[in-house]
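Shown here: coords-v6.txt, compact mmCIF, C-alpha atoms and all ligand atoms.
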```
# COMPACT_ATOMS: atom_id res chain seq x y z
CA MET A 1 23.42 68.76 56.46
CA ARG A 2 26.43 67.66 58.45
CA LEU A 3 25.24 66.41 61.86
CA VAL A 4 27.49 65.87 64.85
CA SER A 5 26.94 64.42 68.29
CA PHE A 6 28.84 65.99 71.15
CA GLU A 7 28.85 65.74 74.91
CA GLY A 8 25.45 67.15 75.84
CA GLY A 9 23.55 66.81 72.57
CA PHE A 10 23.75 66.97 68.81
CA GLY A 11 23.51 69.60 66.14
CA ARG A 12 24.36 70.66 62.62
CA VAL A 13 27.67 72.07 61.53
CA GLU A 14 27.62 75.57 60.08
CA GLY A 15 31.08 76.83 59.22
CA ASP A 16 33.17 76.51 62.36
CA THR A 17 30.14 76.42 64.64
CA VAL A 18 27.61 73.80 65.68
CA VAL A 19 23.93 74.72 65.97
CA PRO A 20 22.47 72.58 68.79
CA MET A 21 19.30 70.71 67.76
CA GLY A 22 18.46 68.61 70.81
CA PRO A 23 19.69 65.90 73.14
CA SER A 24 19.85 62.86 70.81
CA LEU A 25 20.49 62.52 67.10
CA VAL A 26 18.89 59.07 67.08
CA ASP A 27 15.67 60.33 68.73
CA TRP A 28 15.63 63.15 66.21
CA LEU A 29 15.93 60.63 63.34
CA ALA A 30 13.22 58.43 64.85
CA PHE A 31 10.71 61.22 65.26
CA GLY A 32 11.54 62.92 61.98
CA THR A 33 11.54 66.39 63.47
CA GLN A 34 12.77 69.38 61.52
CA GLY A 35 16.20 70.95 61.84
CA VAL A 36 15.21 73.42 64.51
CA ALA A 37 17.87 75.16 66.57
CA THR A 38 17.41 74.65 70.30
CA ALA A 39 20.24 76.90 71.47
CA PRO A 40 22.59 79.51 70.05
CA PRO A 41 25.50 78.25 67.89
CA ARG A 42 28.65 77.15 69.70
CA PRO A 43 32.18 77.10 68.31
CA LEU A 44 32.98 73.59 67.05
CA ALA A 45 36.37 73.77 68.73
CA GLU A 46 34.66 74.09 72.12
CA VAL A 47 32.51 70.96 71.98
CA LYS A 48 33.78 67.44 72.60
CA LEU A 49 32.77 65.52 69.48
CA LEU A 50 31.46 61.98 69.84
CA ALA A 51 30.65 59.48 67.11
CA PRO A 52 27.56 60.84 65.31
CA VAL A 53 25.66 57.81 66.64
CA PRO A 54 27.43 57.16 69.94
CA ARG A 55 25.46 54.01 70.96
CA PRO A 56 23.94 52.31 67.90
CA GLY A 57 21.27 49.72 68.64
CA LYS A 58 22.68 47.41 65.98
CA ILE A 59 25.89 47.39 63.99
CA VAL A 60 25.66 45.07 61.01
CA CYS A 61 28.99 44.71 59.22
CA VAL A 62 29.66 43.24 55.81
CA GLY A 63 32.71 41.13 55.00
CA LEU A 64 34.47 40.73 51.65
CA ASN A 65 32.23 43.32 50.00
CA TYR A 66 34.75 44.93 47.66
CA ARG A 67 35.89 43.03 44.60
CA ASP A 68 39.47 44.30 44.98
CA HIS A 69 39.59 43.25 48.67
CA ALA A 70 38.10 39.77 48.10
CA ARG A 71 40.75 39.26 45.43
CA GLU A 72 43.70 40.43 47.59
CA THR A 73 42.71 38.04 50.39
CA GLY A 74 42.40 35.13 47.95
CA GLN A 75 38.68 34.66 48.66
CA GLU A 76 35.87 34.06 46.22
CA ILE A 77 33.61 37.03 45.52
CA PRO A 78 30.54 36.28 47.67
CA THR A 79 27.26 35.45 45.99
CA GLU A 80 25.31 36.94 48.87
CA PRO A 81 26.35 39.37 51.63
CA VAL A 82 28.59 37.97 54.40
CA LEU A 83 27.38 39.54 57.66
CA PHE A 84 28.95 39.88 61.08
CA SER A 85 28.44 42.30 63.93
CA LYS A 86 30.09 44.70 66.28
CA PHE A 87 28.45 46.24 69.34
CA ALA A 88 28.12 49.72 70.80
CA ASN A 89 31.21 49.09 72.99
CA SER A 90 33.34 49.31 69.84
CA VAL A 91 32.18 52.78 68.80
CA VAL A 92 34.44 55.78 69.40
CA GLY A 93 34.38 59.24 67.89
CA PRO A 94 36.80 61.35 65.88
CA GLY A 95 40.12 61.93 67.60
CA ALA A 96 39.61 59.11 70.10
CA ASP A 97 42.29 56.53 70.76
CA VAL A 98 41.86 52.93 69.60
CA LEU A 99 43.00 50.89 72.58
CA VAL A 100 44.54 47.52 71.81
CA PRO A 101 44.20 44.94 74.60
CA PRO A 102 47.17 42.62 75.17
CA GLU A 103 45.23 39.65 73.73
CA ALA A 104 44.76 41.33 70.35
CA GLU A 105 47.63 40.84 67.89
CA LYS A 106 47.94 41.59 64.18
CA VAL A 107 45.76 44.69 64.44
CA ASP A 108 44.62 46.05 61.09
CA TYR A 109 42.72 49.06 59.69
CA GLU A 110 39.70 48.86 57.35
CA ALA A 111 38.32 52.08 55.84
CA GLU A 112 34.57 51.67 55.38
CA LEU A 113 31.44 53.59 54.42
CA ALA A 114 28.97 53.51 57.33
CA VAL A 115 25.26 53.81 56.56
CA VAL A 116 23.04 55.27 59.28
CA VAL A 117 19.45 54.04 59.16
CA GLY A 118 16.84 56.80 59.46
CA ARG A 119 13.55 54.97 59.04
CA LYS A 120 12.54 51.53 60.20
CA ALA A 121 13.24 48.98 57.44
CA SER A 122 11.64 45.55 57.41
CA SER A 123 11.54 43.52 54.18
CA VAL A 124 12.12 46.55 52.00
CA PRO A 125 12.73 46.05 48.28
CA VAL A 126 16.01 47.23 46.79
CA ALA A 127 14.21 49.99 44.90
CA ASP A 128 12.91 51.55 48.15
CA ALA A 129 15.88 50.80 50.40
CA LEU A 130 17.66 54.16 50.19
CA VAL A 131 14.54 55.92 51.51
CA HIS A 132 15.40 54.26 54.85
CA VAL A 133 18.91 55.73 54.95
CA ALA A 134 19.41 58.90 57.01
CA GLY A 135 22.97 59.46 55.92
CA TYR A 136 26.57 58.35 55.74
CA ALA A 137 29.78 58.59 57.72
CA CYS A 138 33.37 57.37 57.64
CA ALA A 139 34.12 54.27 59.71
CA ASN A 140 37.22 52.24 60.50
CA ASP A 141 36.53 48.53 61.09
CA VAL A 142 39.66 47.95 63.16
CA SER A 143 40.32 44.22 63.43
CA SER A 144 42.64 41.88 65.29
CA ARG A 145 43.52 39.26 62.68
CA SER A 146 44.88 36.89 65.33
CA LEU A 147 41.52 36.80 67.12
CA GLN A 148 39.38 37.11 63.99
CA PHE A 149 40.65 33.83 62.56
CA ARG A 150 41.10 31.91 65.82
CA SER A 151 37.75 30.19 65.41
CA GLY A 152 35.17 29.98 62.63
CA GLN A 153 33.51 33.21 63.84
CA TRP A 154 35.02 36.66 63.33
CA LEU A 155 33.36 38.26 66.36
CA LEU A 156 36.26 37.96 68.79
CA GLY A 157 38.61 39.90 66.54
CA LYS A 158 36.06 42.49 65.48
CA ALA A 159 33.84 43.52 68.41
CA ILE A 160 36.67 44.77 70.63
CA ASP A 161 36.18 47.93 72.73
CA THR A 162 37.11 51.09 70.74
CA PHE A 163 37.60 49.12 67.47
CA LEU A 164 34.97 51.06 65.47
CA PRO A 165 35.87 54.73 65.04
CA LEU A 166 32.95 56.58 63.41
CA GLY A 167 32.61 60.16 62.18
CA PRO A 168 33.53 62.97 62.20
CA PHE A 169 29.93 63.74 61.21
CA LEU A 170 26.91 62.21 59.54
CA VAL A 171 26.21 63.67 56.10
CA THR A 172 22.51 63.48 55.33
CA ALA A 173 21.53 61.30 52.38
CA ASP A 174 20.23 64.22 50.31
CA GLU A 175 23.85 65.37 49.97
CA VAL A 176 25.05 61.93 48.79
CA PRO A 177 23.12 61.33 45.56
CA ASP A 178 25.08 58.16 44.67
CA PRO A 179 26.65 56.21 47.55
CA GLN A 180 28.37 53.98 44.97
CA ALA A 181 30.48 56.80 43.54
CA LEU A 182 32.65 57.88 46.47
CA GLY A 183 36.43 57.74 46.71
CA ILE A 184 37.52 55.99 49.92
CA ARG A 185 40.99 56.00 51.43
CA CYS A 186 42.89 54.96 54.52
CA VAL A 187 46.04 56.87 55.41
CA VAL A 188 48.38 55.61 58.14
CA ASN A 189 51.08 58.01 59.30
CA ASP A 190 50.66 60.05 56.08
CA GLU A 191 51.04 56.98 53.84
CA VAL A 192 48.03 56.14 51.66
CA LEU A 193 47.46 52.40 52.20
CA GLN A 194 43.94 52.02 50.84
CA SER A 195 42.59 53.97 47.88
CA SER A 196 39.52 52.78 46.06
CA ASP A 197 35.94 53.78 45.45
CA THR A 198 32.57 52.54 46.62
CA GLY A 199 31.75 51.48 43.06
CA GLN A 200 33.93 48.42 43.85
CA MET A 201 31.30 47.11 46.30
CA VAL A 202 29.94 43.69 45.43
CA PHE A 203 26.59 44.58 47.04
CA GLY A 204 25.69 48.26 47.06
CA VAL A 205 24.03 50.12 49.92
CA ALA A 206 20.49 49.57 48.61
CA GLU A 207 21.06 45.83 48.15
CA LEU A 208 22.59 45.53 51.62
CA VAL A 209 19.78 47.37 53.40
CA SER A 210 17.20 45.30 51.51
CA PHE A 211 18.99 42.00 52.17
CA ILE A 212 19.50 42.64 55.88
CA SER A 213 15.92 43.87 56.33
CA ARG A 214 14.53 40.54 55.13
CA THR A 215 15.44 39.00 58.49
CA ILE A 216 16.60 41.84 60.76
CA THR A 217 14.43 44.93 61.22
CA LEU A 218 16.65 47.97 60.89
CA GLU A 219 15.72 50.89 63.11
CA PRO A 220 16.72 54.55 63.34
CA GLY A 221 20.33 54.89 64.40
CA ASP A 222 21.35 51.37 63.40
CA LEU A 223 24.53 51.13 61.36
CA VAL A 224 25.37 49.10 58.30
CA VAL A 225 29.14 49.07 57.85
CA THR A 226 29.64 48.16 54.24
CA GLY A 227 33.05 46.49 53.93
CA THR A 228 36.56 47.58 53.06
CA PRO A 229 38.46 47.91 49.79
CA SER A 230 41.89 46.47 49.03
CA GLY A 231 45.05 47.58 50.80
CA VAL A 232 44.56 46.17 54.29
CA GLY A 233 47.73 45.44 56.25
CA MET A 234 47.01 41.70 56.32
CA ALA A 235 47.34 41.53 52.52
CA ALA A 236 50.61 43.47 52.29
CA ASP A 237 53.87 41.59 51.68
CA PRO A 238 55.16 41.48 54.34
CA PRO A 239 51.97 42.16 56.35
CA ARG A 240 51.83 45.68 57.80
CA TYR A 241 50.03 45.63 61.12
CA LEU A 242 49.30 48.63 63.33
CA ARG A 243 51.56 49.63 66.20
CA PRO A 244 50.96 51.90 69.17
CA GLY A 245 51.37 55.49 68.05
CA ASP A 246 50.17 54.86 64.48
CA ARG A 247 47.81 57.56 63.25
CA MET A 248 44.95 56.30 61.07
CA ARG A 249 42.84 58.53 58.85
CA VAL A 250 39.80 57.35 56.91
CA GLU A 251 38.69 59.72 54.14
CA ILE A 252 35.57 59.39 52.01
CA ASP A 253 34.68 61.98 49.38
CA GLY A 254 32.25 64.48 50.90
CA LEU A 255 32.19 62.74 54.30
CA GLY A 256 35.25 64.33 55.88
CA GLU A 257 38.23 62.76 57.58
CA LEU A 258 38.18 60.45 60.58
CA ASP A 259 41.42 60.53 62.60
CA ASN A 260 42.30 58.08 65.37
CA THR A 261 45.49 56.95 67.03
CA VAL A 262 46.41 53.42 68.05
CA ARG A 263 47.47 52.93 71.68
CA ALA A 264 48.18 49.94 73.85
CA ARG A 265 45.39 49.49 76.38
CA PRO A 266 46.86 50.24 79.78
ZN ZN B 1 35.38 45.36 57.60
```
Do you think you could lay out the structure here as structure tokens?
Ligand code: ZN
Amino acid sequence: MRLVSFEGGFGRVEGDTVVPMGPSLVDWLAFGTQGVATAPPRPLAEVKLLAPVPRPGKIVCVGLNYRDHARETGQEIPTEPVLFSKFANSVVGPGADVLVPPEAEKVDYEAELAVVVGRKASSVPVADALVHVAGYACANDVSSRSLQFRSGQWLLGKAIDTFLPLGPFLVTADEVPDPQALGIRCVVNDEVLQSSDTGQMVFGVAELVSFISRTITLEPGDLVVTGTPSGVGMAADPPRYLRPGDRMRVEIDGLGELDNTVRARP
């Protein structure tokens, strides 16, 4: 199933319509209810799409988690996951603008596979971890490199308002048999700048969910944002940072296309 959140509720996509299924996708995940229609289908073009999870309780991000990206930034391949966080203020949906505040320079794109937790996960073994995953979506871990590296902590350059586009929909896990076999790309103004596959991850989805759950209980609607492959603007020669008007598109096989435009924050 492809699930979308929109202003007024959530539902599943069927062709060019959405079948409403209730007020909150996260509540629906938490209570494990069936895919029951609550209203007649509506044309997709007539609803205002939000991020599939518009206000995640937790957003756990993973740094340097692709071998090709660790290499291009001159970093060692980590021996255990490098975690940082964003907050719900960063999340925007498909088509939304990414608004760059004046403080944020050297703004960069990062195409990433987002994992949406479906069942509470606390100290789960790797072998059981994927049972706790509701599904997957495209994400863009937009980052201000100037703020990210200003201190020892990445938070300032990562958790900026609007800097985590997510969507366009959540694809349920039953339709993604192997999350480590997906092509992932970032296209900026029709130029393919990142092109890799999730098999390049240092720690796969199951390992990440298991590792995080050892100390942080993951709950329905939480996100794990699993890192970016090579091709970020920071690593280009010369660096290629985003400018107002740039159109970013994250594509992951089977998960659709996530389009967002960069704007200066007024
Ligand atoms: Zn990232």
May I have a table of the residues of chain A lying at most 7 Å from ligand ZN 1 (chain B), giving each one's closest pair of atoms and their distance in Å to one decimal, counting all atoms listed in the file, ordered by chain and ascending residue number, as JSON lines?
```
{"residue": "A:Cys61", "atom": "CA", "partner": "B:ZN1", "partner_atom": "ZN", "distance": 6.6}
{"residue": "A:Val62", "atom": "CA", "partner": "B:ZN1", "partner_atom": "ZN", "distance": 6.4}
{"residue": "A:Gly63", "atom": "CA", "partner": "B:ZN1", "partner_atom": "ZN", "distance": 5.6}
{"residue": "A:Glu110", "atom": "CA", "partner": "B:ZN1", "partner_atom": "ZN", "distance": 5.6}
{"residue": "A:Glu112", "atom": "CA", "partner": "B:ZN1", "partner_atom": "ZN", "distance": 6.7}
{"residue": "A:Asp141", "atom": "CA", "partner": "B:ZN1", "partner_atom": "ZN", "distance": 4.9}
{"residue": "A:Gly227", "atom": "CA", "partner": "B:ZN1", "partner_atom": "ZN", "distance": 4.5}
{"residue": "A:Thr228", "atom": "CA", "partner": "B:ZN1", "partner_atom": "ZN", "distance": 5.2}
```
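Residues of protein, DNA or RNA having at least one counted atom within 7 Å of (33.0, 50.4, 44.0), given all atoms listed in the file, are Tyr66, Gln180, Ala181, Asp197, Thr198, Gly199, Gln200 and Met201 of chain A.
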Next on the checklist: Using only C-alpha atoms, which protein or nucleic acid residues come within 9 Å of Gly11 (chain A)? Drop anything in the same chain fewer than 6 positions from it, and give the result as number ranges by chain.
Outcome noted: A: 2-5, 18-25, 35, 37-38
Could those selected residues go to a file with C-alpha atoms, as a PDB file, in the coordinates of the input?
```pdb
ATOM      1  CA  ARG A   2      26.430  67.660  58.450  1.00  0.00           C
ATOM      2  CA  LEU A   3      25.240  66.410  61.860  1.00  0.00           C
ATOM      3  CA  VAL A   4      27.490  65.870  64.850  1.00  0.00           C
ATOM      4  CA  SER A   5      26.940  64.420  68.290  1.00  0.00           C
ATOM      5  CA  VAL A  18      27.610  73.800  65.680  1.00  0.00           C
ATOM      6  CA  VAL A  19      23.930  74.720  65.970  1.00  0.00           C
ATOM      7  CA  PRO A  20      22.470  72.580  68.790  1.00  0.00           C
ATOM      8  CA  MET A  21      19.300  70.710  67.760  1.00  0.00           C
ATOM      9  CA  GLY A  22      18.460  68.610  70.810  1.00  0.00           C
ATOM     10  CA  PRO A  23      19.690  65.900  73.140  1.00  0.00           C
ATOM     11  CA  SER A  24      19.850  62.860  70.810  1.00  0.00           C
ATOM     12  CA  LEU A  25      20.490  62.520  67.100  1.00  0.00           C
ATOM     13  CA  GLY A  35      16.200  70.950  61.840  1.00  0.00           C
ATOM     14  CA  ALA A  37      17.870  75.160  66.570  1.00  0.00           C
ATOM     15  CA  THR A  38      17.410  74.650  70.300  1.00  0.00           C
TER      16      THR A  38
END
```
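For the pair CA of Arg263 (chain A) and CA of Ala96 (chain A), the separation is 10.1 Å.
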Counting only C-alpha atoms, which residues of region 106-197 of chain A fall within 12 Å of region 78-86 of chain A, and what is the closest atom pair for each with its distance in Å at one decimal, ordered by chain and rising number, as JSON lines?
```
{"residue": "A:Asn140", "atom": "CA", "partner": "A:Lys86", "partner_atom": "CA", "distance": 11.9}
{"residue": "A:Asp141", "atom": "CA", "partner": "A:Lys86", "partner_atom": "CA", "distance": 9.1}
{"residue": "A:Val142", "atom": "CA", "partner": "A:Lys86", "partner_atom": "CA", "distance": 10.6}
{"residue": "A:Ser143", "atom": "CA", "partner": "A:Lys86", "partner_atom": "CA", "distance": 10.6}
{"residue": "A:Gln148", "atom": "CA", "partner": "A:Phe84", "partner_atom": "CA", "distance": 11.2}
{"residue": "A:Gly152", "atom": "CA", "partner": "A:Phe84", "partner_atom": "CA", "distance": 11.8}
{"residue": "A:Gln153", "atom": "CA", "partner": "A:Phe84", "partner_atom": "CA", "distance": 8.5}
{"residue": "A:Trp154", "atom": "CA", "partner": "A:Phe84", "partner_atom": "CA", "distance": 7.2}
{"residue": "A:Leu155", "atom": "CA", "partner": "A:Ser85", "partner_atom": "CA", "distance": 6.8}
{"residue": "A:Leu156", "atom": "CA", "partner": "A:Lys86", "partner_atom": "CA", "distance": 9.5}
{"residue": "A:Gly157", "atom": "CA", "partner": "A:Lys86", "partner_atom": "CA", "distance": 9.8}
{"residue": "A:Lys158", "atom": "CA", "partner": "A:Lys86", "partner_atom": "CA", "distance": 6.4}
{"residue": "A:Ala159", "atom": "CA", "partner": "A:Lys86", "partner_atom": "CA", "distance": 4.5}
{"residue": "A:Ile160", "atom": "CA", "partner": "A:Lys86", "partner_atom": "CA", "distance": 7.9}
{"residue": "A:Asp161", "atom": "CA", "partner": "A:Lys86", "partner_atom": "CA", "distance": 9.4}
{"residue": "A:Thr162", "atom": "CA", "partner": "A:Lys86", "partner_atom": "CA", "distance": 10.5}
{"residue": "A:Phe163", "atom": "CA", "partner": "A:Lys86", "partner_atom": "CA", "distance": 8.8}
{"residue": "A:Leu164", "atom": "CA", "partner": "A:Lys86", "partner_atom": "CA", "distance": 8.1}
{"residue": "A:Pro165", "atom": "CA", "partner": "A:Lys86", "partner_atom": "CA", "distance": 11.6}
```
